[in-house]
file coords23.json (JSON, C-alpha atoms and all ligand atoms)
[["chain", "number", "residue", "atom", "x", "y", "z"],
["R", 1, "MET", "CA", -5.43, 100.63, 113.87],
["R", 2, "THR", "CA", -6.46, 104.23, 114.44],
["R", 3, "ASP", "CA", -7.58, 106.25, 111.44],
["R", 4, "ARG", "CA", -5.53, 109.38, 111.02],
["R", 5, "TRP", "CA", -7.31, 112.27, 109.34],
["R", 6, "ILE", "CA", -5.44, 115.25, 108.02],
["R", 7, "GLU", "CA", -7.42, 118.37, 107.22],
["R", 8, "ALA", "CA", -6.86, 120.04, 103.86],
["R", 9, "GLY", "CA", -4.03, 122.49, 104.32],
["R", 10, "ALA", "CA", -2.87, 120.89, 107.57],
["R", 11, "THR", "CA", 0.77, 119.97, 107.86],
["R", 12, "ALA", "CA", 2.29, 116.72, 109.02],
["R", 13, "ASP", "CA", 5.71, 115.56, 110.18],
["R", 14, "VAL", "CA", 7.36, 113.08, 107.85],
["R", 15, "ARG", "CA", 10.59, 111.21, 108.42],
["R", 16, "LEU", "CA", 12.34, 110.03, 105.30],
["R", 17, "THR", "CA", 15.74, 108.67, 104.43],
["R", 18, "ILE", "CA", 16.79, 110.38, 101.22],
["R", 19, "ASN", "CA", 19.96, 109.28, 99.47],
["R", 20, "GLY", "CA", 21.16, 107.75, 102.72],
["R", 21, "GLN", "CA", 20.45, 110.80, 104.84],
["R", 22, "ALA", "CA", 17.72, 110.73, 107.52],
["R", 23, "LEU", "CA", 15.54, 113.85, 107.25],
["R", 24, "ALA", "CA", 12.49, 115.20, 109.05],
["R", 25, "LEU", "CA", 10.08, 117.40, 107.11],
["R", 26, "ASN", "CA", 6.94, 119.25, 108.00],
["R", 27, "VAL", "CA", 4.81, 119.38, 104.87],
["R", 28, "ASP", "CA", 1.27, 120.12, 103.79],
["R", 29, "GLY", "CA", -0.57, 116.80, 103.74],
["R", 30, "ARG", "CA", -1.18, 117.24, 100.01],
["R", 31, "THR", "CA", 2.52, 117.54, 99.11],
["R", 32, "SER", "CA", 3.69, 114.94, 96.61],
["R", 33, "VAL", "CA", 7.03, 113.22, 97.03],
["R", 34, "LEU", "CA", 8.09, 115.07, 93.87],
["R", 35, "ASP", "CA", 7.29, 118.48, 95.36],
["R", 36, "ALA", "CA", 8.88, 117.51, 98.69],
["R", 37, "LEU", "CA", 12.09, 116.65, 96.85],
["R", 38, "ARG", "CA", 12.17, 119.64, 94.56],
["R", 39, "GLU", "CA", 10.55, 122.40, 96.57],
["R", 40, "HIS", "CA", 11.43, 121.47, 100.14],
["R", 41, "LEU", "CA", 14.78, 119.77, 99.75],
["R", 42, "GLY", "CA", 16.19, 121.42, 96.64],
["R", 43, "LEU", "CA", 16.78, 118.05, 94.95],
["R", 44, "THR", "CA", 15.90, 119.25, 91.47],
["R", 45, "GLY", "CA", 17.50, 116.33, 89.65],
["R", 46, "THR", "CA", 14.07, 114.67, 89.74],
["R", 47, "LYS", "CA", 12.01, 116.36, 87.05],
["R", 48, "LYS", "CA", 8.38, 117.40, 86.82],
["R", 49, "GLY", "CA", 7.11, 116.66, 83.34],
["R", 50, "CYS", "CA", 3.36, 116.08, 83.34],
["R", 51, "ASP", "CA", 2.67, 115.94, 87.12],
["R", 52, "HIS", "CA", -0.01, 113.39, 86.20],
["R", 53, "GLY", "CA", 1.77, 110.03, 86.12],
["R", 54, "GLN", "CA", 2.02, 109.97, 82.36],
["R", 55, "CYS", "CA", 5.66, 110.71, 81.47],
["R", 56, "GLY", "CA", 7.93, 109.06, 84.05],
["R", 57, "ALA", "CA", 10.23, 112.10, 84.34],
["R", 58, "CYS", "CA", 9.68, 112.11, 88.13],
["R", 59, "THR", "CA", 10.63, 108.46, 88.71],
["R", 60, "VAL", "CA", 12.58, 107.77, 91.90],
["R", 61, "LEU", "CA", 13.33, 104.59, 93.81],
["R", 62, "ILE", "CA", 11.37, 104.12, 97.03],
["R", 63, "ASN", "CA", 12.53, 101.14, 99.06],
["R", 64, "GLY", "CA", 14.23, 99.97, 95.86],
["R", 65, "ARG", "CA", 11.09, 100.12, 93.68],
["R", 66, "ARG", "CA", 10.50, 102.63, 90.92],
["R", 67, "ILE", "CA", 7.67, 105.03, 91.64],
["R", 68, "ASN", "CA", 6.25, 108.07, 89.86],
["R", 69, "SER", "CA", 6.92, 110.59, 92.61],
["R", 70, "CYS", "CA", 4.24, 112.98, 91.33],
["R", 71, "LEU", "CA", 1.55, 110.43, 92.09],
["R", 72, "THR", "CA", 2.33, 109.68, 95.71],
["R", 73, "LEU", "CA", 2.15, 111.84, 98.82],
["R", 74, "ALA", "CA", 5.11, 112.45, 101.09],
["R", 75, "ILE", "CA", 3.01, 111.60, 104.16],
["R", 76, "MET", "CA", 2.45, 108.11, 102.74],
["R", 77, "HIS", "CA", 6.17, 107.40, 102.96],
["R", 78, "SER", "CA", 7.20, 108.16, 106.51],
["R", 79, "GLY", "CA", 10.04, 105.76, 107.35],
["R", 80, "ASP", "CA", 10.73, 104.98, 103.69],
["R", 81, "ASP", "CA", 14.06, 105.03, 101.90],
["R", 82, "ILE", "CA", 14.11, 107.23, 98.78],
["R", 83, "THR", "CA", 16.87, 107.31, 96.19],
["R", 84, "THR", "CA", 16.98, 110.10, 93.63],
["R", 85, "ILE", "CA", 19.41, 110.65, 90.81],
["R", 86, "GLU", "CA", 21.60, 112.69, 93.19],
["R", 87, "GLY", "CA", 21.96, 109.58, 95.35],
["R", 88, "LEU", "CA", 23.04, 107.45, 92.40],
["R", 89, "GLY", "CA", 25.78, 109.59, 90.97],
["R", 90, "LEU", "CA", 27.05, 113.13, 90.67],
["R", 91, "PRO", "CA", 28.99, 114.74, 87.81],
["R", 92, "GLU", "CA", 32.31, 114.07, 89.55],
["R", 93, "ASN", "CA", 31.37, 110.49, 90.42],
["R", 94, "LEU", "CA", 28.89, 109.09, 87.91],
["R", 95, "HIS", "CA", 26.89, 105.93, 88.39],
["R", 96, "PRO", "CA", 27.94, 103.39, 85.72],
["R", 97, "LEU", "CA", 24.50, 103.64, 84.10],
["R", 98, "GLN", "CA", 24.91, 107.41, 83.79],
["R", 99, "SER", "CA", 28.23, 106.78, 82.04],
["R", 100, "GLU", "CA", 26.48, 104.37, 79.66],
["R", 101, "PHE", "CA", 23.89, 107.04, 78.82],
["R", 102, "ILE", "CA", 26.75, 109.37, 77.87],
["R", 103, "GLU", "CA", 28.58, 106.65, 75.97],
["R", 104, "HIS", "CA", 25.50, 105.62, 73.97],
["R", 105, "ASP", "CA", 24.06, 109.08, 73.32],
["R", 106, "GLY", "CA", 21.03, 108.27, 75.48],
["R", 107, "PHE", "CA", 19.86, 111.83, 75.99],
["R", 108, "GLN", "CA", 19.53, 115.14, 74.23],
["R", 109, "CYS", "CA", 17.89, 117.81, 76.40],
["R", 110, "GLY", "CA", 18.31, 115.51, 79.43],
["R", 111, "TYR", "CA", 14.93, 116.34, 80.95],
["R", 112, "CYS", "CA", 13.77, 112.72, 81.04],
["R", 113, "THR", "CA", 17.17, 111.25, 81.88],
["R", 114, "SER", "CA", 17.09, 111.10, 85.67],
["R", 115, "GLY", "CA", 13.70, 109.37, 85.48],
["R", 116, "GLN", "CA", 14.98, 107.01, 82.79],
["R", 117, "ILE", "CA", 17.97, 106.03, 84.92],
["R", 118, "CYS", "CA", 15.99, 105.49, 88.14],
["R", 119, "SER", "CA", 13.37, 103.57, 86.19],
["R", 120, "ALA", "CA", 15.99, 101.41, 84.48],
["R", 121, "LEU", "CA", 17.54, 100.41, 87.81],
["R", 122, "GLY", "CA", 14.12, 99.57, 89.23],
["R", 123, "MET", "CA", 13.26, 97.65, 86.08],
["R", 124, "LEU", "CA", 16.47, 95.59, 86.21],
["R", 125, "ALA", "CA", 15.68, 94.62, 89.80],
["R", 126, "GLU", "CA", 12.22, 93.50, 88.63],
["R", 127, "VAL", "CA", 13.81, 91.35, 85.91],
["R", 128, "ASP", "CA", 16.23, 89.89, 88.46],
["R", 129, "ALA", "CA", 13.28, 89.03, 90.67],
["R", 130, "GLY", "CA", 11.73, 87.15, 87.72],
["R", 131, "TRP", "CA", 8.75, 89.45, 87.20],
["R", 132, "PRO", "CA", 7.24, 88.95, 83.74],
["R", 133, "SER", "CA", 6.25, 91.84, 81.48],
["R", 134, "HIS", "CA", 3.57, 92.13, 78.82],
["R", 135, "VAL", "CA", 6.00, 90.75, 76.20],
["R", 136, "THR", "CA", 7.43, 87.87, 78.26],
["R", 137, "THR", "CA", 6.46, 84.66, 76.50],
["R", 138, "ALA", "CA", 7.63, 82.01, 78.96],
["R", 139, "ILE", "CA", 6.32, 83.43, 82.23],
["R", 140, "GLU", "CA", 7.35, 80.38, 84.20],
["R", 141, "GLU", "CA", 11.02, 81.15, 83.43],
["R", 142, "ASN", "CA", 13.15, 84.08, 84.50],
["R", 143, "PRO", "CA", 12.77, 86.64, 81.69],
["R", 144, "ALA", "CA", 15.77, 87.34, 79.46],
["R", 145, "LEU", "CA", 16.59, 91.02, 79.03],
["R", 146, "THR", "CA", 15.91, 91.27, 75.30],
["R", 147, "ILE", "CA", 15.55, 94.59, 73.50],
["R", 148, "SER", "CA", 11.78, 94.14, 73.35],
["R", 149, "GLU", "CA", 11.73, 93.49, 77.11],
["R", 150, "ILE", "CA", 13.71, 96.68, 77.74],
["R", 151, "ARG", "CA", 11.41, 98.68, 75.47],
["R", 152, "GLU", "CA", 8.26, 97.31, 77.06],
["R", 153, "ARG", "CA", 9.49, 97.68, 80.62],
["R", 154, "MET", "CA", 10.67, 101.25, 79.99],
["R", 155, "SER", "CA", 7.52, 102.26, 78.13],
["R", 156, "GLY", "CA", 6.29, 104.40, 81.03],
["R", 157, "ASN", "CA", 9.25, 106.74, 80.59],
["R", 158, "LEU", "CA", 8.72, 109.11, 77.69],
["R", 159, "CYS", "CA", 11.47, 111.02, 75.93],
["R", 160, "ARG", "CA", 10.32, 114.06, 74.00],
["R", 161, "CYS", "CA", 13.66, 114.13, 72.18],
["R", 162, "ALA", "CA", 13.13, 110.50, 71.10],
["R", 163, "ALA", "CA", 16.56, 109.37, 72.28],
["R", 164, "TYR", "CA", 15.09, 105.88, 72.64],
["R", 165, "PRO", "CA", 17.70, 103.92, 70.64],
["R", 166, "GLY", "CA", 20.48, 105.37, 72.83],
["R", 167, "ILE", "CA", 18.49, 104.77, 76.02],
["R", 168, "VAL", "CA", 17.92, 101.11, 75.14],
["R", 169, "ALA", "CA", 21.57, 100.66, 74.12],
["R", 170, "ALA", "CA", 22.77, 102.24, 77.39],
["R", 171, "ILE", "CA", 20.58, 99.96, 79.49],
["R", 172, "GLU", "CA", 21.54, 96.91, 77.46],
["R", 173, "SER", "CA", 25.24, 97.70, 77.84],
["R", 174, "TYR", "CA", 24.95, 98.34, 81.58],
["R", 175, "ALA", "CA", 23.03, 95.08, 82.08],
["R", 176, "ALA", "CA", 25.75, 93.22, 80.16],
["R", 177, "THR", "CA", 28.43, 94.60, 82.49],
["R", 178, "LEU", "CA", 26.42, 93.38, 85.49],
["R", 179, "LYS", "CA", 26.13, 89.95, 83.92],
["R", 180, "ASP", "CA", 29.88, 89.82, 83.21],
["R", 181, "ALA", "CA", 30.64, 90.80, 86.79],
["R", 182, "ALA", "CA", 28.32, 88.11, 88.24],
["R", 201, "LIG", "S1", 5.89, 114.15, 86.23],
["R", 201, "LIG", "FE1", 5.35, 112.31, 87.20],
["R", 201, "LIG", "S2", 4.85, 110.97, 85.58],
["R", 201, "LIG", "FE2", 5.17, 112.90, 84.60],
["R", 202, "LIG", "S1", 16.43, 113.66, 76.31],
["R", 202, "LIG", "FE1", 14.99, 115.27, 76.03],
["R", 202, "LIG", "S2", 13.17, 114.44, 76.83],
["R", 202, "LIG", "FE2", 14.53, 112.77, 76.80]]

call {"tool": "encode", "arguments": {"input": "coords23.json", "output": "structure tokens"}}
result
Amino acid sequence: MTDRWIEAGATADVRLTINGQALALNVDGRTSVLDALREHLGLTGTKKGCDHGQCGACTVLINGRRINSCLTLAIMHSGDDITTIEGLGLPENLHPLQSEFIEHDGFQCGYCTSGQICSALGMLAEVDAGWPSHVTTAIEENPALTISEIRERMSGNLCRCAAYPGIVAAIESYAATLKDAA
């Protein structure tokens, strides 16, 4: 493998699939995925809260896994598949989890909401895959999606409005609909 060095300030070509659309970008090597989305592509549904990996507002799905987009560089993801809130649902065609957030009063200012929703979908895939969390007691079994599991697994997503009860209820309700449909 050949090492590839990028000088500070140098730009690089990056090919990404974003919300199902293949895109080519030329970005400064230091550009985060978050800034590529917001500043280069105008996808402002993904929010910048702390820009330091501490609030989860910038969470997107990369190859199906939840990632803090402020903490990872666009050039690290050439060839990757990124889903933002715009790729999940739009006002005229909401994702069912977005509808649950409305139904259960899961947001107030809404600043954290896109990150909460992307994180919740990533988290549910982790549960499906049988990944234990810090509060899972029987780690040899597939974890049940209890309220304490939802709280623990969503603990990286902060809500300054403290809409946590509604967020948990929305996720719980959405997960129940998935279970019923299975
Ligand atoms: S903006 Fe990325 S974790 Fe806060
Ligand atoms: S709804 Fe305001 S920060 Fe969560």

call {"tool": "closest_atom_pairs", "arguments": {"input": "coords23.json", "of": "chain R", "to": "ligand LIG 202 (chain R)", "cutoff": "6 Å", "atoms": "all atoms listed in the file", "output": "JSON lines"}}
result
{"residue": "R:Phe107", "atom": "CA", "partner": "R:LIG202", "partner_atom": "S1", "distance": 3.9}
{"residue": "R:Gln108", "atom": "CA", "partner": "R:LIG202", "partner_atom": "S1", "distance": 4.0}
{"residue": "R:Cys109", "atom": "CA", "partner": "R:LIG202", "partner_atom": "FE1", "distance": 3.9}
{"residue": "R:Gly110", "atom": "CA", "partner": "R:LIG202", "partner_atom": "S1", "distance": 4.1}
{"residue": "R:Tyr111", "atom": "CA", "partner": "R:LIG202", "partner_atom": "S2", "distance": 4.9}
{"residue": "R:Cys112", "atom": "CA", "partner": "R:LIG202", "partner_atom": "FE2", "distance": 4.3}
{"residue": "R:Thr113", "atom": "CA", "partner": "R:LIG202", "partner_atom": "FE2", "distance": 5.9}
{"residue": "R:Cys159", "atom": "CA", "partner": "R:LIG202", "partner_atom": "FE2", "distance": 3.6}
{"residue": "R:Arg160", "atom": "CA", "partner": "R:LIG202", "partner_atom": "S2", "distance": 4.0}
{"residue": "R:Cys161", "atom": "CA", "partner": "R:LIG202", "partner_atom": "FE1", "distance": 4.2}
{"residue": "R:Ala163", "atom": "CA", "partner": "R:LIG202", "partner_atom": "S1", "distance": 5.9}

call {"tool": "residues_near_point", "arguments": {"input": "coords23.json", "point": "(15.3, 111.6, 107.5)", "cutoff": "12 Å", "atoms": "only C-alpha atoms", "output": "number ranges by chain"}}
result
R: 13-26, 41, 77-82

call {"tool": "closest_residue", "arguments": {"input": "coords23.json", "among": "R:Arg30, R:Lys48, R:Arg153, R:His134", "to": "ligand LIG 201 (chain R)", "atoms": "all atoms listed in the file"}}
result
R:Lys48

call {"tool": "residues_near_ligand", "arguments": {"input": "coords23.json", "ligand": "ligand LIG 201 (chain R)", "cutoff": "7 Å", "atoms": "all atoms listed in the file", "output": "PDB file with C-alpha atoms, in the coordinates of the input"}}
result
ATOM      1  CA  LYS R  47      12.010 116.360  87.050  1.00  0.00           C
ATOM      2  CA  LYS R  48       8.380 117.400  86.820  1.00  0.00           C
ATOM      3  CA  GLY R  49       7.110 116.660  83.340  1.00  0.00           C
ATOM      4  CA  CYS R  50       3.360 116.080  83.340  1.00  0.00           C
ATOM      5  CA  ASP R  51       2.670 115.940  87.120  1.00  0.00           C
ATOM      6  CA  HIS R  52      -0.010 113.390  86.200  1.00  0.00           C
ATOM      7  CA  GLY R  53       1.770 110.030  86.120  1.00  0.00           C
ATOM      8  CA  GLN R  54       2.020 109.970  82.360  1.00  0.00           C
ATOM      9  CA  CYS R  55       5.660 110.710  81.470  1.00  0.00           C
ATOM     10  CA  GLY R  56       7.930 109.060  84.050  1.00  0.00           C
ATOM     11  CA  ALA R  57      10.230 112.100  84.340  1.00  0.00           C
ATOM     12  CA  CYS R  58       9.680 112.110  88.130  1.00  0.00           C
ATOM     13  CA  THR R  59      10.630 108.460  88.710  1.00  0.00           C
ATOM     14  CA  ASN R  68       6.250 108.070  89.860  1.00  0.00           C
ATOM     15  CA  SER R  69       6.920 110.590  92.610  1.00  0.00           C
ATOM     16  CA  CYS R  70       4.240 112.980  91.330  1.00  0.00           C
ATOM     17  CA  LEU R  71       1.550 110.430  92.090  1.00  0.00           C
TER      18      LEU R  71
END

call {"tool": "closest_residue", "arguments": {"input": "coords23.json", "among": "R:Ala144, R:Ile85, R:Met76, R:Val27", "to": "R:Gln116", "atoms": "all atoms listed in the file"}}
result
R:Ile85

call {"tool": "atom_distance", "arguments": {"input": "coords23.json", "atom1": "atom CA of R:Ala74", "atom2": "atom CA of R:Ala12"}}
result
9.4 Å

call {"tool": "axis_aligned_box", "arguments": {"input": "coords23.json", "around": "stretch 63-75 of chain R", "padding_each_side": "3 Å", "output": "lines of an AutoDock Vina configuration file"}}
result
center_x = 7.9
center_y = 106.5
center_z = 97.0
size_x = 18.7
size_y = 19.0
size_z = 20.3

call {"tool": "closest_residue", "arguments": {"input": "coords23.json", "among": "R:Ala36, R:Ala170, R:Leu73, R:Ser119", "to": "R:Glu103", "atoms": "all atoms listed in the file"}}
result
R:Ala170

call {"tool": "atom_distance", "arguments": {"input": "coords23.json", "atom1": "atom CA of R:Ala129", "atom2": "atom CA of R:Gly106"}}
result
25.7 Å
